[in-house]
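Engineer: Dropping in entry-v6.cif, with mmCIF, C-alpha atoms.
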data_query
loop_
_atom_site.label_atom_id
_atom_site.label_comp_id
_atom_site.auth_asym_id
_atom_site.auth_seq_id
_atom_site.Cartn_x
_atom_site.Cartn_y
_atom_site.Cartn_z
CA MET A 207 18.42 4.88 9.93
CA ILE A 208 15.75 3.63 7.57
CA ARG A 209 12.20 4.85 7.18
CA PRO A 210 9.63 3.03 9.33
CA ALA A 211 7.68 0.12 7.92
CA SER A 212 4.03 0.01 7.06
CA PRO A 213 2.64 -2.53 9.55
CA PRO A 214 0.87 -5.68 8.35
CA SER A 215 -2.75 -5.13 7.46
CA ARG A 216 -3.71 -8.79 7.81
CA ARG A 217 -2.71 -11.65 10.07
CA TYR A 218 -2.47 -15.04 8.42
CA GLY A 219 -3.10 -18.26 10.32
CA GLY A 220 -1.17 -21.51 10.28
CA LYS A 221 1.23 -23.37 12.54
CA ILE A 222 4.43 -22.99 10.52
CA ALA A 223 4.82 -19.20 10.40
CA ASP A 224 4.79 -16.75 13.30
CA PRO A 225 4.53 -13.08 12.20
CA SER A 226 5.89 -11.88 15.55
CA ARG A 227 9.33 -13.11 14.40
CA TRP A 228 9.64 -9.95 12.31
CA GLN A 229 9.97 -7.93 15.50
CA SER A 230 13.42 -9.47 16.06
CA PHE A 231 14.69 -8.53 12.58
CA GLU A 232 16.94 -5.46 12.36
CA PRO A 233 16.46 -4.23 8.77
CA ARG A 234 18.99 -2.24 6.76
CA ALA A 235 18.51 -0.23 3.60
CA GLY A 236 18.89 -2.49 0.58
CA ASP A 237 18.06 -5.74 2.37
CA VAL A 238 15.95 -8.08 0.22
CA VAL A 239 12.77 -9.91 1.22
CA VAL A 240 11.71 -12.83 -0.98
CA SER A 241 8.00 -13.46 -0.39
CA THR A 242 6.48 -16.34 -2.33
CA PRO A 243 3.97 -19.14 -2.02
CA PRO A 244 5.87 -22.39 -1.29
CA LYS A 245 7.34 -24.28 -4.25
CA SER A 246 7.09 -21.28 -6.55
CA GLY A 247 10.79 -20.66 -7.14
CA THR A 248 11.77 -19.40 -3.70
CA THR A 249 15.10 -21.20 -3.39
CA TRP A 250 15.91 -20.61 -7.05
CA THR A 251 15.37 -16.88 -6.56
CA GLN A 252 17.39 -16.84 -3.36
CA GLY A 253 20.19 -18.70 -5.13
CA ILE A 254 20.17 -16.02 -7.85
CA LEU A 255 20.35 -13.34 -5.17
CA ALA A 256 23.32 -15.07 -3.51
CA LEU A 257 25.08 -15.17 -6.87
CA LEU A 258 24.36 -11.54 -7.71
CA MET A 259 25.16 -10.17 -4.26
CA SER A 260 28.47 -12.04 -4.12
CA GLY A 261 29.45 -11.83 -7.79
CA ASP A 262 30.83 -15.36 -7.34
CA PRO A 263 29.47 -18.27 -9.44
CA GLY A 264 30.94 -20.65 -6.87
CA VAL A 265 29.28 -18.99 -3.87
CA ASP A 266 28.22 -21.19 -0.99
CA ALA A 267 24.67 -19.86 -0.72
CA ALA A 268 23.94 -21.73 2.56
CA LEU A 269 20.46 -20.23 2.44
CA SER A 270 19.08 -21.87 5.57
CA ARG A 271 21.75 -20.10 7.62
CA LYS A 272 22.65 -16.96 5.66
CA ALA A 273 19.22 -16.12 4.23
CA PRO A 274 16.74 -17.83 6.55
CA TRP A 275 13.00 -18.21 6.47
CA LEU A 276 12.44 -15.34 8.84
CA ASP A 277 9.04 -16.10 10.35
CA VAL A 278 9.14 -19.89 10.49
CA THR A 279 8.49 -21.47 13.88
CA SER A 280 11.48 -23.58 14.88
CA ALA A 281 13.64 -24.13 17.93
CA GLU A 282 16.68 -22.77 16.09
CA GLN A 283 15.04 -19.59 14.81
CA ASP A 284 16.21 -17.23 17.55
CA ALA A 285 19.83 -18.16 16.89
CA LEU A 286 19.35 -17.84 13.12
CA VAL A 287 17.83 -14.37 13.42
CA ALA A 288 20.62 -13.33 15.78
CA GLY A 289 23.15 -14.56 13.22
CA LEU A 290 21.32 -12.71 10.47
CA ASN A 291 21.38 -9.47 12.45
CA ALA A 292 25.12 -9.91 12.99
CA GLN A 293 25.89 -10.39 9.29
CA PRO A 294 27.77 -7.49 7.74
CA GLY A 295 26.52 -5.81 4.58
CA ARG A 296 23.41 -6.45 2.55
CA ARG A 297 21.29 -9.46 3.41
CA GLN A 298 18.32 -11.42 2.14
CA VAL A 299 15.54 -13.31 3.91
CA LYS A 300 12.54 -15.32 2.79
CA THR A 301 8.96 -15.70 3.89
CA HIS A 302 5.90 -17.54 2.62
CA THR A 303 3.62 -14.93 4.20
CA PRO A 304 1.92 -12.58 1.71
CA LEU A 305 3.10 -8.98 1.54
CA ASP A 306 0.10 -7.64 3.46
CA GLY A 307 0.99 -9.94 6.38
CA ILE A 308 4.55 -8.67 6.97
CA PRO A 309 6.14 -5.27 7.67
CA TYR A 310 6.80 -3.29 4.48
CA TRP A 311 9.86 -1.05 4.72
CA PRO A 312 10.24 1.49 1.87
CA ASP A 313 14.03 1.17 2.03
CA LEU A 314 14.07 -2.62 1.55
CA ARG A 315 13.61 -4.53 -1.70
CA TYR A 316 10.82 -7.07 -2.10
CA ILE A 317 10.62 -9.85 -4.68
CA THR A 318 7.58 -12.06 -5.23
CA VAL A 319 7.54 -15.07 -7.56
CA PHE A 320 4.51 -17.04 -8.71
CA ARG A 321 3.91 -20.35 -10.47
CA HIS A 322 0.94 -22.22 -11.93
CA PRO A 323 -1.07 -23.19 -8.82
CA ILE A 324 -1.43 -26.84 -9.85
CA ASP A 325 2.32 -27.10 -10.41
CA VAL A 326 2.79 -25.67 -6.91
CA HIS A 327 0.54 -28.37 -5.49
CA PHE A 328 2.26 -31.28 -7.24
CA SER A 329 5.71 -29.89 -6.54
CA PHE A 330 4.76 -29.73 -2.87
CA ARG A 331 3.71 -33.40 -3.02
CA ASN A 332 7.20 -34.27 -4.23
CA HIS A 333 8.70 -31.99 -1.59
CA VAL A 334 6.84 -33.77 1.22
CA ALA A 335 7.76 -37.18 -0.20
CA ASN A 336 11.46 -36.23 -0.01
CA MET A 337 11.29 -35.43 3.71
CA ARG A 338 12.59 -38.08 6.08
CA GLU A 339 9.86 -37.37 8.63
CA PRO A 340 6.20 -37.65 7.59
CA VAL A 341 4.44 -34.28 7.55
CA LEU A 342 1.14 -32.86 6.27
CA SER A 343 -0.34 -36.29 5.58
CA ASP A 344 -3.81 -34.80 6.06
CA ILE A 345 -3.13 -32.34 3.21
CA PHE A 346 -1.24 -34.77 0.97
CA PRO A 347 -2.90 -38.19 1.25
CA SER A 348 -1.56 -41.04 -0.84
CA ASP A 349 -4.28 -40.60 -3.46
CA PRO A 350 -3.21 -37.55 -5.51
CA ARG A 351 -6.73 -36.82 -6.71
CA GLU A 352 -8.00 -36.77 -3.12
CA GLY A 353 -5.18 -34.41 -2.25
CA PHE A 354 -6.06 -32.19 -5.21
CA ALA A 355 -9.64 -31.86 -3.96
CA ILE A 356 -8.29 -30.77 -0.57
CA PHE A 357 -6.06 -28.25 -2.35
CA LEU A 358 -9.02 -26.79 -4.26
CA GLU A 359 -11.48 -26.48 -1.40
CA GLY A 360 -9.28 -26.01 1.67
CA ASP A 361 -8.23 -22.71 3.22
CA HIS A 362 -5.10 -24.05 4.91
CA ARG A 363 -1.85 -22.03 4.86
CA ASP A 364 0.47 -24.89 5.76
CA GLY A 365 0.76 -26.95 2.61
CA ALA A 366 -0.41 -24.24 0.19
CA SER A 367 -4.11 -24.39 -0.63
CA LEU A 368 -5.35 -22.67 -3.77
CA VAL A 369 -6.84 -19.87 -1.66
CA SER A 370 -3.52 -19.25 0.08
CA ILE A 371 -1.76 -18.90 -3.30
CA VAL A 372 -4.42 -16.49 -4.56
CA ASP A 373 -4.19 -14.42 -1.37
CA HIS A 374 -0.46 -14.12 -1.95
CA PHE A 375 -1.06 -13.08 -5.55
CA HIS A 376 -3.61 -10.43 -4.55
CA SER A 377 -1.15 -8.97 -2.04
CA ALA A 378 1.44 -8.65 -4.82
CA ILE A 379 -1.04 -7.03 -7.21
CA ALA A 380 -1.84 -4.45 -4.53
CA ARG A 381 1.89 -3.56 -4.36
CA ARG A 382 2.53 -3.89 -8.09
CA GLN A 383 3.43 -0.22 -8.59
CA ALA A 384 5.65 0.08 -5.50
CA PRO A 385 9.16 1.00 -6.72
CA ASN A 386 10.76 -1.43 -4.27
CA HIS A 387 8.70 -4.45 -5.38
CA LEU A 388 9.49 -6.80 -8.27
CA SER A 389 7.19 -9.68 -9.19
CA LEU A 390 8.29 -12.48 -11.51
CA HIS A 391 6.76 -15.70 -12.79
CA TYR A 392 8.43 -19.10 -12.66
CA ALA A 393 7.50 -19.82 -16.28
CA ASP A 394 9.23 -16.63 -17.46
CA MET A 395 12.33 -17.58 -15.48
CA MET A 396 12.30 -20.97 -17.21
CA ARG A 397 11.80 -19.40 -20.64
CA ASP A 398 14.49 -16.73 -20.33
CA LEU A 399 16.70 -16.95 -17.27
CA ALA A 400 19.00 -14.15 -18.46
CA TRP A 401 15.99 -11.83 -18.68
CA ALA A 402 14.93 -12.70 -15.14
CA VAL A 403 18.42 -12.38 -13.65
CA GLY A 404 18.81 -9.03 -15.39
CA HIS A 405 15.58 -7.72 -13.88
CA ILE A 406 16.58 -8.94 -10.42
CA ALA A 407 19.99 -7.27 -10.78
CA ASP A 408 18.36 -4.01 -11.88
CA HIS A 409 15.93 -4.19 -8.98
CA LEU A 410 18.85 -4.49 -6.58
CA SER A 411 20.96 -1.88 -8.43
CA ILE A 412 23.68 -4.50 -8.89
CA ALA A 413 25.92 -4.40 -11.95
CA HIS A 414 28.65 -6.84 -12.98
CA PRO A 415 30.83 -6.92 -16.11
CA PRO A 416 29.20 -8.89 -18.96
CA ALA A 417 31.57 -11.85 -18.59
CA VAL A 418 30.82 -12.11 -14.88
CA MET A 419 27.06 -11.85 -15.50
CA SER A 420 27.31 -14.63 -18.07
CA ASP A 421 29.00 -16.88 -15.50
CA LEU A 422 26.43 -15.98 -12.83
CA ILE A 423 23.52 -16.74 -15.16
CA ALA A 424 25.08 -20.10 -16.03
CA ALA A 425 25.45 -20.85 -12.31
CA ALA A 426 21.80 -19.88 -11.77
CA ARG A 427 20.53 -22.58 -14.10
CA PHE A 428 18.28 -25.08 -12.35
CA ASP A 429 20.44 -28.03 -13.39
CA ASN A 430 23.55 -26.37 -11.93
CA MET A 431 21.83 -25.69 -8.63
CA LYS A 432 20.65 -29.29 -8.49
CA ALA A 433 24.14 -30.57 -9.28
CA ASN A 434 25.46 -28.32 -6.49
CA ALA A 435 22.70 -29.00 -3.97
CA ASP A 436 25.30 -28.96 -1.19
CA ARG A 437 25.61 -25.20 -1.81
CA PHE A 438 22.06 -24.28 -2.81
CA ALA A 439 19.52 -26.71 -1.27
CA LEU A 440 17.92 -25.80 2.03
CA SER A 441 19.26 -27.72 5.04
CA ALA A 442 21.78 -29.51 2.81
CA GLY A 443 23.90 -32.06 4.66
CA GLU A 444 21.67 -32.00 7.73
CA GLY A 445 19.80 -35.26 7.08
CA PHE A 446 16.49 -33.46 6.65
CA TRP A 447 15.93 -34.76 3.09
CA ARG A 448 16.04 -38.29 1.76
CA LYS A 449 18.20 -36.83 -1.00
CA ASP A 450 19.56 -33.27 -0.95
CA ARG A 451 19.47 -33.16 -4.74
CA GLY A 452 15.82 -34.21 -4.56
CA PHE A 453 15.07 -30.76 -3.17
CA PHE A 454 15.44 -29.58 -6.77
CA HIS A 455 13.04 -32.10 -8.24
CA SER A 456 12.57 -31.41 -11.94
CA ALA A 457 11.59 -27.76 -12.67
CA SER A 458 9.01 -29.18 -15.07
CA SER A 459 5.46 -27.93 -15.59
CA GLN A 460 2.09 -29.65 -15.88
CA LYS A 461 3.03 -32.51 -13.58
CA TRP A 462 -0.66 -33.33 -13.32
CA ARG A 463 -0.91 -34.71 -16.88
CA GLY A 464 -2.14 -38.29 -16.71
CA ILE A 465 -3.09 -37.92 -13.04
CA LEU A 466 -5.98 -35.47 -12.89
CA SER A 467 -9.20 -36.17 -14.74
CA GLU A 468 -11.19 -33.74 -16.86
CA ALA A 469 -13.64 -33.51 -13.96
CA ASP A 470 -10.77 -32.45 -11.68
CA MET A 471 -9.73 -29.75 -14.16
CA THR A 472 -13.32 -28.56 -14.53
CA ALA A 473 -13.54 -28.21 -10.75
CA TYR A 474 -10.28 -26.27 -10.78
CA ARG A 475 -11.46 -23.86 -13.48
CA LYS A 476 -14.77 -23.32 -11.69
CA ARG A 477 -12.98 -22.55 -8.42
CA MET A 478 -10.53 -20.19 -10.10
CA SER A 479 -13.36 -18.25 -11.75
CA THR A 480 -14.62 -17.30 -8.29
CA LEU A 481 -11.21 -16.09 -7.12
CA LEU A 482 -9.57 -14.27 -10.04
CA SER A 483 -10.42 -12.33 -13.17
CA PRO A 484 -9.60 -14.07 -16.48
CA ALA A 485 -6.53 -11.85 -16.97
CA GLU A 486 -5.28 -12.58 -13.46
CA GLN A 487 -5.77 -16.31 -13.93
CA ARG A 488 -3.84 -16.27 -17.21
CA TRP A 489 -0.88 -14.51 -15.63
CA LEU A 490 -0.85 -16.60 -12.45
CA GLU A 491 -0.80 -19.76 -14.55
CA ASN A 492 1.54 -18.75 -17.38
CA GLY A 493 3.29 -15.47 -16.63
CA GLY A 494 4.18 -13.34 -19.61
CA GLY A 495 6.11 -10.34 -18.32
CA LEU A 496 6.45 -8.31 -15.16
CA LEU A 497 3.38 -8.07 -12.96
CA ALA A 498 3.63 -4.27 -12.77
CA GLU A 499 3.58 -4.00 -16.56
CA VAL A 500 0.86 -6.57 -17.20
CA PHE A 501 -1.50 -5.07 -14.61
CA ALA A 502 -0.50 -1.43 -14.96
CA GLY A 503 -4.14 -0.37 -14.95
CA GLY A 504 -6.20 -3.41 -15.85
CA ASP A 505 -9.04 -5.29 -14.25
CA THR A 506 -8.12 -6.95 -10.97
CA GLN A 507 -11.50 -8.29 -9.94
CA PRO A 508 -12.96 -11.75 -10.51
CA SER A 509 -15.39 -11.89 -13.44
#
As a first step, turn the structure in this file into C-alpha cells.

Structural biologist:
Amino acid sequence: MIRPASPPSRRYGGKIADPSRWQSFEPRAGDVVVSTPPKSGTTWTQGILALLMSGDPGVDAALSRKAPWLDVTSAEQDALVAGLNAQPGRRQVKTHTPLDGIPYWPDLRYITVFRHPIDVHFSFRNHVANMREPVLSDIFPSDPREGFAIFLEGDHRDGASLVSIVDHFHSAIARRQAPNHLSLHYADMMRDLAWAVGHIADHLSIAHPPAVMSDLIAAARFDNMKANADRFALSAGEGFWRKDRGFFHSASSQKWRGILSEADMTAYRKRMSTLLSPAEQRWLENGGGLLAEVFAGGDTQPS
C-alpha cells in the first residue's frame, strides 16, 4: 500500500488532456511522473529514465506504450493504461498537466523540466509541421510572427501558450522543497548531461557501476536518441510523423533569431514582467542549477 495522494487543487482546461484519466492509474511506490510543458525535454527525460531503470544502453524505450501520456484523450488510452497497470516493477508516465492539476502521491517520484518559453513555442511549430495530419492551425498559422503574438496573449493549453508554461512553472515552484520532486532545466541538460543524469539517478535512488553509467549517459545524448528514433521517438513506426527522426528536431536554442523583430521581443519582455519576478524569468529562460536550490527562499512574485 502507498500513502494516499493529495488531490488536484486546480482543474486545467483544454481538449487534449482529461484529468479523470488519473482515476484509472494504479500507482506503486517508486513510480515516476514526468510533468512538463510540451517541447521542454519530455521525451529526452523519459528516454533517460528508460536507460537508468533498465541499465541497458540499447533499451527499446517504446515510450508511447511503456510510459504513456497518462491523461491524454485518445481512443487507445484505456488499453494503454490497462497495459501500464499490468507492467511488472517500477514504471514511468508523462503528463503535460501542471503538478497542481494532478494527484500528488508522496511515495511516487515527480520530475519537471523547463525550457526557454520562446524555444518551446518554436519547437512546437516544428513539431506540428512534422505531423502528417494538420493540427492546431489556429495556434500555429503560417506566419510565425502572427503565431508568436497568439502565443504571447493567448491562454490556450493545447499548443502551449506563454501563460500555460508559466502556470506549469509556478506549480513546480510551489513543490520545490518536496523531497519527491526534482526540477531540471533543458539548458542545464544541454550544458552538462552527465550532471543531469546523475541528479535523475539520485532522485530515483538508482546506482550503476561507473562504466555502465558512462554508457548510459552516452546513449542519452540527443544525437544518439535521434539516430535511434525507432527506439526513443513517440509513436515511432506508426506513420504519425512525416519523419520519425524529425521528432528530435535539433535541440538548439534561440530558434527565433532572424524571425522575431525587436518589437516582438519587447512585447515578450513586457508580458513576462507581468507574470514572473526577474529571478524567476532568468531561471525559466536559462536555468542555472536545480530549482529547489535556486529558489530555496527567494522572491517568487512578479516585480

Engineer: I'd like to know which of A:Phe375, A:Tyr392, A:Tyr316, A:Tyr218 is closest to Gln487 in chain A, using only C-alpha atoms.

Structural biologist: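 Among A:Phe375, A:Tyr392, A:Tyr316, A:Tyr218, it is A:Phe375 that comes nearest to Gln487 in chain A.
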
Engineer: Given the point (15.9, -17.8, 4.0) in the file's coordinates, find the residues that have an atom at most 8 Å from it, counting only C-alpha atoms, and give them as a PyMOL selection string.

Structural biologist: chain A and resi 252+269-276+298-301

Engineer: Here is a test: counting all atoms listed in the file, which residue of A:Arg427, A:Ala366, A:Met478, A:Val326 is nearest to Ile345 in chain A?

Structural biologist: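 Of A:Arg427, A:Ala366, A:Met478, A:Val326, the one nearest Ile345 in chain A, counting all atoms listed in the file, is A:Ala366.
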
Engineer: What's around His387 in chain A at 8 Å? Count all atoms listed in the file, leave out sequence neighbours fewer than 2 positions away in its own chain, and write the answer as a list in words.

Structural biologist: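 The residues satisfying every condition are Arg315, Tyr316, Ile317, Thr318, Arg381, Arg382, Gln383, Ala384, Pro385 and Ser389 of chain A.
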
Engineer: Tell me, in Å to one decimal, how far CA of Pro263 in chain A is from CA of Asn492 in chain A.

Structural biologist: 29.0 Å

Engineer: Provide the CA of Leu399 in chain A to CA of Ile379 in chain A distance in Å, to one decimal place.

Structural biologist: 22.7 Å

Engineer: Which distance in Å separates CA of Arg463 in chain A and CA of Asp325 in chain A, to one decimal?

Structural biologist: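 Pair CA of Arg463 in chain A / CA of Asp325 in chain A returns 10.5 Å.
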
Engineer: Do a neighbour search on His327 in chain A at 12 Å with only C-alpha atoms, toss out local chain neighbours closer than 4 positions, and write the hits as JSON, numbers by chain.

Structural biologist: {"A": [243, 244, 245, 246, 321, 322, 323, 331, 332, 333, 334, 345, 346, 350, 351, 353, 354, 355, 356, 357, 358, 364, 365, 366, 367, 368, 369, 370, 371, 459, 460, 461, 462]}

Engineer: Take range 298-313 of chain A, model N, CA, C and O atoms, and hand the result over as a PDB file, in the coordinates of the input.

Structural biologist:
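What landed in rebuild.pdb:
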ATOM      1  N   GLN A 298      19.605 -11.011   2.686  1.00  0.00           N
ATOM      2  CA  GLN A 298      18.320 -11.420   2.140  1.00  0.00           C
ATOM      3  C   GLN A 298      17.651 -12.395   3.094  1.00  0.00           C
ATOM      4  O   GLN A 298      18.317 -13.146   3.821  1.00  0.00           O
ATOM      5  N   VAL A 299      16.327 -12.375   3.110  1.00  0.00           N
ATOM      6  CA  VAL A 299      15.540 -13.310   3.910  1.00  0.00           C
ATOM      7  C   VAL A 299      14.371 -13.780   3.046  1.00  0.00           C
ATOM      8  O   VAL A 299      14.059 -13.189   2.012  1.00  0.00           O
ATOM      9  N   LYS A 300      13.726 -14.840   3.500  1.00  0.00           N
ATOM     10  CA  LYS A 300      12.540 -15.320   2.790  1.00  0.00           C
ATOM     11  C   LYS A 300      11.374 -15.443   3.739  1.00  0.00           C
ATOM     12  O   LYS A 300      11.529 -15.551   4.963  1.00  0.00           O
ATOM     13  N   THR A 301      10.177 -15.436   3.156  1.00  0.00           N
ATOM     14  CA  THR A 301       8.960 -15.700   3.890  1.00  0.00           C
ATOM     15  C   THR A 301       7.939 -16.271   2.912  1.00  0.00           C
ATOM     16  O   THR A 301       8.000 -15.984   1.711  1.00  0.00           O
ATOM     17  N   HIS A 302       7.031 -17.074   3.419  1.00  0.00           N
ATOM     18  CA  HIS A 302       5.900 -17.540   2.620  1.00  0.00           C
ATOM     19  C   HIS A 302       4.614 -16.813   3.033  1.00  0.00           C
ATOM     20  O   HIS A 302       3.515 -17.216   2.628  1.00  0.00           O
ATOM     21  N   THR A 303       4.759 -15.761   3.811  1.00  0.00           N
ATOM     22  CA  THR A 303       3.620 -14.930   4.200  1.00  0.00           C
ATOM     23  C   THR A 303       3.406 -13.860   3.132  1.00  0.00           C
ATOM     24  O   THR A 303       4.372 -13.232   2.683  1.00  0.00           O
ATOM     25  N   PRO A 304       2.172 -13.622   2.705  1.00  0.00           N
ATOM     26  CA  PRO A 304       1.920 -12.580   1.710  1.00  0.00           C
ATOM     27  C   PRO A 304       2.384 -11.202   2.187  1.00  0.00           C
ATOM     28  O   PRO A 304       2.561 -10.953   3.385  1.00  0.00           O
ATOM     29  N   LEU A 305       2.548 -10.295   1.230  1.00  0.00           N
ATOM     30  CA  LEU A 305       3.100  -8.980   1.540  1.00  0.00           C
ATOM     31  C   LEU A 305       2.253  -8.190   2.530  1.00  0.00           C
ATOM     32  O   LEU A 305       2.804  -7.375   3.282  1.00  0.00           O
ATOM     33  N   ASP A 306       0.945  -8.395   2.527  1.00  0.00           N
ATOM     34  CA  ASP A 306       0.100  -7.640   3.460  1.00  0.00           C
ATOM     35  C   ASP A 306       0.122  -8.238   4.863  1.00  0.00           C
ATOM     36  O   ASP A 306      -0.517  -7.698   5.771  1.00  0.00           O
ATOM     37  N   GLY A 307       0.882  -9.327   5.065  1.00  0.00           N
ATOM     38  CA  GLY A 307       0.990  -9.940   6.380  1.00  0.00           C
ATOM     39  C   GLY A 307       2.335  -9.734   7.047  1.00  0.00           C
ATOM     40  O   GLY A 307       2.590 -10.297   8.111  1.00  0.00           O
ATOM     41  N   ILE A 308       3.211  -8.929   6.420  1.00  0.00           N
ATOM     42  CA  ILE A 308       4.550  -8.670   6.970  1.00  0.00           C
ATOM     43  C   ILE A 308       4.811  -7.170   6.951  1.00  0.00           C
ATOM     44  O   ILE A 308       4.156  -6.429   6.213  1.00  0.00           O
ATOM     45  N   PRO A 309       5.777  -6.691   7.744  1.00  0.00           N
ATOM     46  CA  PRO A 309       6.140  -5.270   7.670  1.00  0.00           C
ATOM     47  C   PRO A 309       6.669  -4.927   6.273  1.00  0.00           C
ATOM     48  O   PRO A 309       7.312  -5.751   5.623  1.00  0.00           O
ATOM     49  N   TYR A 310       6.394  -3.712   5.831  1.00  0.00           N
ATOM     50  CA  TYR A 310       6.800  -3.290   4.480  1.00  0.00           C
ATOM     51  C   TYR A 310       7.619  -2.010   4.604  1.00  0.00           C
ATOM     52  O   TYR A 310       7.083  -0.921   4.732  1.00  0.00           O
ATOM     53  N   TRP A 311       8.948  -2.181   4.596  1.00  0.00           N
ATOM     54  CA  TRP A 311       9.860  -1.050   4.720  1.00  0.00           C
ATOM     55  C   TRP A 311      10.124  -0.431   3.338  1.00  0.00           C
ATOM     56  O   TRP A 311      10.507  -1.149   2.407  1.00  0.00           O
ATOM     57  N   PRO A 312       9.986   0.874   3.186  1.00  0.00           N
ATOM     58  CA  PRO A 312      10.240   1.490   1.870  1.00  0.00           C
ATOM     59  C   PRO A 312      11.688   1.417   1.433  1.00  0.00           C
ATOM     60  O   PRO A 312      11.976   1.546   0.237  1.00  0.00           O
ATOM     61  N   ASP A 313      12.609   1.205   2.373  1.00  0.00           N
ATOM     62  CA  ASP A 313      14.030   1.170   2.030  1.00  0.00           C
ATOM     63  C   ASP A 313      14.559  -0.247   1.795  1.00  0.00           C
ATOM     64  O   ASP A 313      15.757  -0.428   1.555  1.00  0.00           O
TER      65      ASP A 313
END
